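Step one of this worksheet: look at the structure below.
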Amino acid sequence: MPDAGRLVPTSSAVPPRGALLLRDPRLNKGTAFTEAERDALGLRGLLPPHVCTLDEQVTRVMENLRRLPDPLSKYILLEALQDRNETLFYRVVTEHLDETMPLIYTPTVGAACQQFGHIYRRPRGLFISARDRGRVESVLRNWPEREVTMIVVTDGERILGLGDLGANGMGIPIGKLALYTACAGVAPAGCLPVMIDVGTGNAALRADPLYLGLRQPRLTGADYDALVDEFIEAAQCVFPRAIVQFEDFGNHNAFRLLARWRDRICCFNDDIQGTAAVAVAGIFSALRVTRQPLSQQTFLCLGAGEAATGISDLLVAAMVEEGLTPQAARARCWLFDSQGLVVAGREALAEHKRPFAHPHAPLADFTQAVEQLKPTALIGVSAVAGGFTQATLQAMARINARPIIFALSNPTSRAECSAQQAYAWTGGRALFASGSPFAPVPLGGQTFVPRQGNNSYIFPGVGLGAIACRATRITEAMFMAAARTLAAQVSDADLVQGSLYPPLSQVREVSARIGAAVAAVAFDAGLAGVARPADLLDHVRQTMYTPVYRSAA
Ligand code: NAD
């Protein structure tokens, strides 16, 4: 009997019946097949007699999920459910996003990637390896779906804050695409996770007998570029409607690939551009509290990588919209990396840091940099736990009535400070957001409810909007529109309790609105591939997948 698992197309001429149907995750309803469907589709006797509702099935999954002792076991349960019954999987995830997002994505997905070769059960996504040079297009044609709209691709070199995980990094595109569907209703049939396996510099992995990737050092230079180029060109040919999202590439390749492709195909890099939009949205919210213009802020990032430069670039664009020159806007953004303050004249400065290397004496101490530059906002994107010390935050509180403190590094163990520390060390005056979730903080008779500056507020809606209007490019203006739209979803009541983002439970509505805003930018810029509908928001909503069973009898 052929494997009717997730790699088998459901759009085949003869729809599956009986036992095969129960193995097709896209069509399977399990115990929810109705009496009529059981008769019509040869299922009688293959299922227990009681016909369940989708809600009953969700209850059963959640009961089983909550019984498991650790997050990785829960991840494996959800992965198995996705392989068995896609509708039920997305219903569970959508209804219990707060509980399941940390399982299907960070932080648990990090552990799942580390253990990829050990917990592996069934294939999902496409593996393109260095051995496929010259035949990448034929590899892509093996994918059973033709209408691919969203590709998330990684080479596994910088997986979350965990470094080079080689082919194990496949867990990230899989998780990210699950969020496209759960958070924005991007149809799962259009989602394609891709791992470009160029080898790994992780010697421990190469020595692991259960490692599933190429056991060779990473390709570099022209060989690397040729393989990635071949993939992108083949993807354009085989899946002409697909948006390509670059994910968790190492610094040196991430910036290069984005620069090479952003004006040639419909693509973006979430680590750089999605992070930027979510952070800038949080800044917009904070400025609603301080009632100060953006153009009078001074930003100091701890970290000078993909997130820091992406955020700084978008802040500059926003300040230019407020009337500053690009030069004046850049002068308000400072970076501080592992060698200290990024200043003009520093030797061997990486290309992406140069726009923010301003004239200043070198400084190795971060708190000193705060004292001297007097920033209104600190943005932590260094993955250095405790990077915002008590002295740093007390300095910020001396300089500012309402210091803006974003500790965005993930996972929780890497956060620059905790929510408790941010509020306690600033006398409850911090406007705080974090990359990882923190519980509400009671302090001085008030309870602060910090929320996550989580990319999941941004990239699903950007993808949704770009798909809905068949965008030909993803531009900075689209991320700016996404940031403004996200900020507009923050209520005054949210701000009063210290929340700079809306609740995660509203993410589908947020995504629909971001989708409409992104599509509007595409239409205005002549970058849309369809005629402009009268009601963009309604049009975007109509394209959203909802996890419900459709009659099969
Ligand atoms: P990256 O590797 O590109 O950059 C890390 C930067 O930190 C580098 O510039 C490095 O020089 C700097 N750094 C390292 N040690 C330092 C030290 N001791 N002092 C100061 N700087 C130091 O990584 P990235 O993609 O920019 O991500 C950075 C962090 O931000 C990660 O923890 C990531 O999880 C987090 N992040 C969070 C979100 C979110 O949604 N909240 C989004 C993207 C990234």
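Ordered as shown in the structure tokens, chains take letters A, B, and onward, while each chain numbers its residues from 1 and ligands are numbered from 1 in the order shown.
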*Where in range 57-246 of chain A does DSSP assign alpha helix (DSSP H), given as a PyMOL selection string?*
chain A and resi 57-67+71-84+86-95+97-104+108-114+116-119+136-141+171-184+203-207+221-238
*asked:* Which residues are near ligand 1 in this structure, taking near to mean any atom at most 6 Å from a ligand atom and counting only C-alpha atoms and all ligand atoms? Format them as number ranges by chain.
replied: A: 160-161, 251, 271, 275, 302-308, 336-338, 381-384, 408-410, 435, 453-455
_All residues 12 Å or closer to Thr309 in chain A, only C-alpha atoms, same chain fewer than 6 positions away omitted, as an NGL selection string_ = :A and (251 or 254-255 or 271-277 or 279 or 299-303 or 315-316 or 330 or 333-337 or 342 or 350-357 or 379-382)
Residues from the last selection, N, CA, C and O atoms, saved as a tab-separated table (two decimals), in the first residue's frame:
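Result file is result18.tsv:
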```
chain	number	residue	atom	x	y	z
A	251	ASN	N	24.82	35.62	9.41
A	251	ASN	CA	24.94	37.05	9.09
A	251	ASN	C	25.49	37.33	7.71
A	251	ASN	O	24.90	38.05	6.91
A	254	ALA	N	23.00	36.24	5.06
A	254	ALA	CA	21.66	36.84	5.16
A	254	ALA	C	21.60	38.20	4.46
A	254	ALA	O	20.72	38.46	3.64
A	255	PHE	N	22.55	39.07	4.78
A	255	PHE	CA	22.53	40.41	4.18
A	255	PHE	C	22.81	40.35	2.68
A	255	PHE	O	22.19	41.02	1.88
A	271	ASP	N	14.28	37.66	9.72
A	271	ASP	CA	15.16	38.00	10.84
A	271	ASP	C	15.57	39.47	10.78
A	271	ASP	O	15.78	40.10	11.81
A	272	ILE	N	15.69	40.00	9.56
A	272	ILE	CA	16.07	41.40	9.40
A	272	ILE	C	14.81	42.28	9.34
A	272	ILE	O	14.62	43.19	10.15
A	273	GLN	N	13.92	41.98	8.39
A	273	GLN	CA	12.81	42.90	8.11
A	273	GLN	C	11.58	42.69	8.99
A	273	GLN	O	10.92	43.65	9.40
A	274	GLY	N	11.25	41.43	9.28
A	274	GLY	CA	10.10	41.16	10.15
A	274	GLY	C	10.37	41.65	11.56
A	274	GLY	O	9.52	42.28	12.19
A	275	THR	N	11.57	41.37	12.04
A	275	THR	CA	11.96	41.84	13.38
A	275	THR	C	11.88	43.37	13.45
A	275	THR	O	11.41	43.93	14.43
A	276	ALA	N	12.35	43.99	12.37
A	276	ALA	CA	12.34	45.46	12.33
A	276	ALA	C	10.91	45.97	12.50
A	276	ALA	O	10.64	46.87	13.31
A	277	ALA	N	9.98	45.39	11.76
A	277	ALA	CA	8.60	45.90	11.80
A	277	ALA	C	7.98	45.69	13.18
A	277	ALA	O	7.27	46.57	13.69
A	279	ALA	N	9.52	45.50	16.07
A	279	ALA	CA	10.15	46.40	17.03
A	279	ALA	C	9.66	47.83	16.83
A	279	ALA	O	9.33	48.54	17.79
A	299	PHE	N	18.13	56.04	19.77
A	299	PHE	CA	18.04	54.59	19.96
A	299	PHE	C	19.44	54.01	20.14
A	299	PHE	O	20.37	54.37	19.41
A	300	LEU	N	19.56	53.12	21.09
A	300	LEU	CA	20.83	52.40	21.28
A	300	LEU	C	20.52	50.91	21.31
A	300	LEU	O	19.79	50.43	22.19
A	301	CYS	N	21.04	50.21	20.31
A	301	CYS	CA	20.84	48.75	20.24
A	301	CYS	C	22.01	48.05	20.90
A	301	CYS	O	23.17	48.36	20.61
A	302	LEU	N	21.72	47.09	21.77
A	302	LEU	CA	22.75	46.17	22.23
A	302	LEU	C	22.71	45.00	21.26
A	302	LEU	O	21.73	44.25	21.21
A	303	GLY	N	23.78	44.86	20.45
A	303	GLY	CA	23.77	43.92	19.34
A	303	GLY	C	23.84	44.73	18.05
A	303	GLY	O	23.34	45.87	18.01
A	315	LEU	N	13.67	52.24	11.50
A	315	LEU	CA	13.51	53.45	12.32
A	315	LEU	C	13.91	54.68	11.51
A	315	LEU	O	13.24	55.72	11.55
A	316	VAL	N	15.01	54.55	10.77
A	316	VAL	CA	15.47	55.67	9.93
A	316	VAL	C	14.39	56.02	8.92
A	316	VAL	O	14.02	57.19	8.75
A	330	ARG	N	19.84	58.65	10.80
A	330	ARG	CA	20.84	57.63	11.15
A	330	ARG	C	21.64	58.06	12.38
A	330	ARG	O	22.01	57.23	13.21
A	333	CYS	N	20.53	56.69	15.67
A	333	CYS	CA	20.57	55.24	15.90
A	333	CYS	C	22.00	54.79	16.14
A	333	CYS	O	22.87	54.98	15.28
A	334	TRP	N	22.24	54.19	17.29
A	334	TRP	CA	23.57	53.71	17.65
A	334	TRP	C	23.54	52.20	17.88
A	334	TRP	O	22.53	51.66	18.34
A	335	LEU	N	24.66	51.57	17.57
A	335	LEU	CA	24.79	50.13	17.79
A	335	LEU	C	25.95	49.86	18.76
A	335	LEU	O	26.96	50.60	18.75
A	336	PHE	N	25.81	48.81	19.53
A	336	PHE	CA	26.88	48.40	20.47
A	336	PHE	C	27.02	46.89	20.32
A	336	PHE	O	26.06	46.16	20.54
A	337	ASP	N	28.19	46.43	19.88
A	337	ASP	CA	28.36	44.98	19.66
A	337	ASP	C	29.37	44.39	20.63
A	337	ASP	O	29.74	45.03	21.62
A	342	VAL	N	29.79	50.86	18.35
A	342	VAL	CA	30.19	50.87	16.93
A	342	VAL	C	30.45	52.32	16.54
A	342	VAL	O	29.51	53.13	16.52
A	350	ALA	N	31.96	45.51	9.58
A	350	ALA	CA	31.10	44.83	8.59
A	350	ALA	C	30.21	45.85	7.89
A	350	ALA	O	29.78	46.84	8.49
A	351	GLU	N	29.94	45.55	6.62
A	351	GLU	CA	29.17	46.45	5.75
A	351	GLU	C	27.86	46.93	6.40
A	351	GLU	O	27.53	48.11	6.39
A	352	HIS	N	27.12	45.97	7.03
A	352	HIS	CA	25.78	46.33	7.53
A	352	HIS	C	25.83	47.26	8.74
A	352	HIS	O	24.83	47.89	9.10
A	353	LYS	N	26.99	47.38	9.39
A	353	LYS	CA	27.08	48.26	10.57
A	353	LYS	C	27.48	49.68	10.19
A	353	LYS	O	27.30	50.62	10.97
A	354	ARG	N	28.07	49.82	8.99
A	354	ARG	CA	28.68	51.12	8.62
A	354	ARG	C	27.75	52.32	8.68
A	354	ARG	O	28.15	53.37	9.17
A	355	PRO	N	26.49	52.20	8.23
A	355	PRO	CA	25.63	53.40	8.27
A	355	PRO	C	25.42	53.93	9.69
A	355	PRO	O	25.03	55.08	9.87
A	356	PHE	N	25.68	53.08	10.69
A	356	PHE	CA	25.40	53.49	12.07
A	356	PHE	C	26.68	53.67	12.88
A	356	PHE	O	26.64	53.76	14.11
A	357	ALA	N	27.82	53.73	12.19
A	357	ALA	CA	29.10	53.95	12.86
A	357	ALA	C	29.37	55.45	12.86
A	357	ALA	O	29.83	56.01	11.87
A	379	ILE	N	17.37	48.86	22.84
A	379	ILE	CA	16.82	47.70	22.14
A	379	ILE	C	17.83	46.57	22.24
A	379	ILE	O	18.93	46.65	21.68
A	380	GLY	N	17.47	45.53	22.97
A	380	GLY	CA	18.37	44.41	23.20
A	380	GLY	C	18.18	43.32	22.16
A	380	GLY	O	17.13	42.67	22.13
A	381	VAL	N	19.16	43.14	21.30
A	381	VAL	CA	19.11	42.09	20.26
A	381	VAL	C	20.51	41.49	20.13
A	381	VAL	O	21.05	41.36	19.04
A	382	SER	N	21.07	41.12	21.26
A	382	SER	CA	22.46	40.64	21.31
A	382	SER	C	22.53	39.17	21.68
A	382	SER	O	23.59	38.57	21.56
```
*Pick out the residues sitting within 12 Å of Gly134 in chain A, and hand them over as a ChimeraX atom specification; count only C-alpha atoms, and ignore anything fewer than 4 positions along from it in its own chain.*
/A:128-130,138-139,223,226-231,233-234
Those same residues - C-alpha atoms - I'd like them written as a compact mmCIF listing (two decimals), in the first residue's frame.
```txt
# COMPACT_ATOMS: atom_id res chain seq x y z
CA ILE A 128 18.04 20.28 -1.46
CA SER A 129 21.63 19.29 -0.89
CA ALA A 130 25.00 20.24 -2.28
CA SER A 138 13.86 18.36 -10.98
CA VAL A 139 14.05 18.08 -7.18
CA ASP A 223 29.98 26.91 -4.77
CA ALA A 226 25.82 28.74 -7.29
CA LEU A 227 23.62 26.31 -5.34
CA VAL A 228 21.47 29.05 -3.77
CA ASP A 229 21.14 30.86 -7.12
CA GLU A 230 20.12 27.62 -8.80
CA PHE A 231 17.48 27.05 -6.12
CA GLU A 233 15.93 30.41 -10.24
CA ALA A 234 14.39 26.92 -10.23
```
*Quick one, how far is CA of Gly42 in chain A from CA of Gly18 in chain A?*
4.7 Å
_Please return, as an MDAnalysis selection string, all residues of range 368-422 of chain A that DSSP assigns to strand (DSSP E or B) on the basis of the backbone._
chainID A and resid 377:380 404:407
Could the residues in this selection be saved with all heavy atoms as a CSV table (one decimal), in the first residue's frame?
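Output below, filename part-v6.csv:
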```csv
chain,number,residue,atom,x,y,z
A,377,ALA,N,15.6,55.1,24.1
A,377,ALA,CA,15.2,53.7,24.0
A,377,ALA,C,16.4,52.8,23.9
A,377,ALA,O,17.4,53.1,23.2
A,377,ALA,CB,14.3,53.5,22.7
A,378,LEU,N,16.4,51.7,24.6
A,378,LEU,CA,17.4,50.6,24.5
A,378,LEU,C,16.7,49.4,23.8
A,378,LEU,O,15.6,49.0,24.2
A,378,LEU,CB,17.8,50.1,25.9
A,378,LEU,CG,18.7,51.1,26.7
A,378,LEU,CD1,19.2,50.3,28.0
A,378,LEU,CD2,19.9,51.6,25.9
A,379,ILE,N,17.4,48.9,22.8
A,379,ILE,CA,16.8,47.7,22.1
A,379,ILE,C,17.8,46.6,22.2
A,379,ILE,O,18.9,46.6,21.7
A,379,ILE,CB,16.5,48.0,20.7
A,379,ILE,CG1,15.5,49.2,20.6
A,379,ILE,CG2,16.0,46.8,19.9
A,379,ILE,CD1,15.2,49.7,19.3
A,380,GLY,N,17.5,45.5,23.0
A,380,GLY,CA,18.4,44.4,23.2
A,380,GLY,C,18.2,43.3,22.2
A,380,GLY,O,17.1,42.7,22.1
A,404,ILE,N,12.3,53.6,27.4
A,404,ILE,CA,11.8,52.5,26.5
A,404,ILE,C,12.8,51.4,26.6
A,404,ILE,O,14.0,51.6,26.2
A,404,ILE,CB,11.6,53.0,25.1
A,404,ILE,CG1,10.5,54.1,25.1
A,404,ILE,CG2,11.2,51.8,24.2
A,404,ILE,CD1,10.4,54.8,23.7
A,405,ILE,N,12.4,50.2,27.1
A,405,ILE,CA,13.4,49.1,27.3
A,405,ILE,C,12.8,47.9,26.5
A,405,ILE,O,11.8,47.3,27.0
A,405,ILE,CB,13.5,48.8,28.8
A,405,ILE,CG1,13.8,50.0,29.6
A,405,ILE,CG2,14.6,47.7,29.0
A,405,ILE,CD1,15.2,50.7,29.4
A,406,PHE,N,13.5,47.5,25.4
A,406,PHE,CA,13.1,46.3,24.7
A,406,PHE,C,14.2,45.3,24.9
A,406,PHE,O,15.3,45.4,24.4
A,406,PHE,CB,12.9,46.6,23.2
A,406,PHE,CG,11.6,47.4,22.9
A,406,PHE,CD1,10.8,47.8,23.9
A,406,PHE,CD2,11.3,47.6,21.6
A,406,PHE,CE1,9.6,48.6,23.6
A,406,PHE,CE2,10.1,48.3,21.3
A,406,PHE,CZ,9.3,48.8,22.3
A,407,ALA,N,13.8,44.2,25.6
A,407,ALA,CA,14.8,43.0,25.7
A,407,ALA,C,14.3,41.9,24.8
A,407,ALA,O,13.6,41.1,25.2
A,407,ALA,CB,14.8,42.6,27.1
```
*Excluding same-chain residues fewer than 2 positions from Ala471 in chain A, what lies within 6 Å of it counting only C-alpha atoms, as a PyMOL selection string?*
chain A and resi 466+469+473+527-529
*asked:* Which residues are close to Glu157 in chain A, i.e. within 9 Å by only C-alpha atoms, leaving aside same-chain residues fewer than 6 positions away? Reply as a ChimeraX atom specification.
replied: /A:163-166,169,200-201,218,248-250
_Using only C-alpha atoms for the distances, tell me which of A:Gln446, A:Thr543, A:Thr376, A:Thr426 is nearest to Gln390 in chain A._
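Selected residue with least distance to Gln390 in chain A: A:Thr426.
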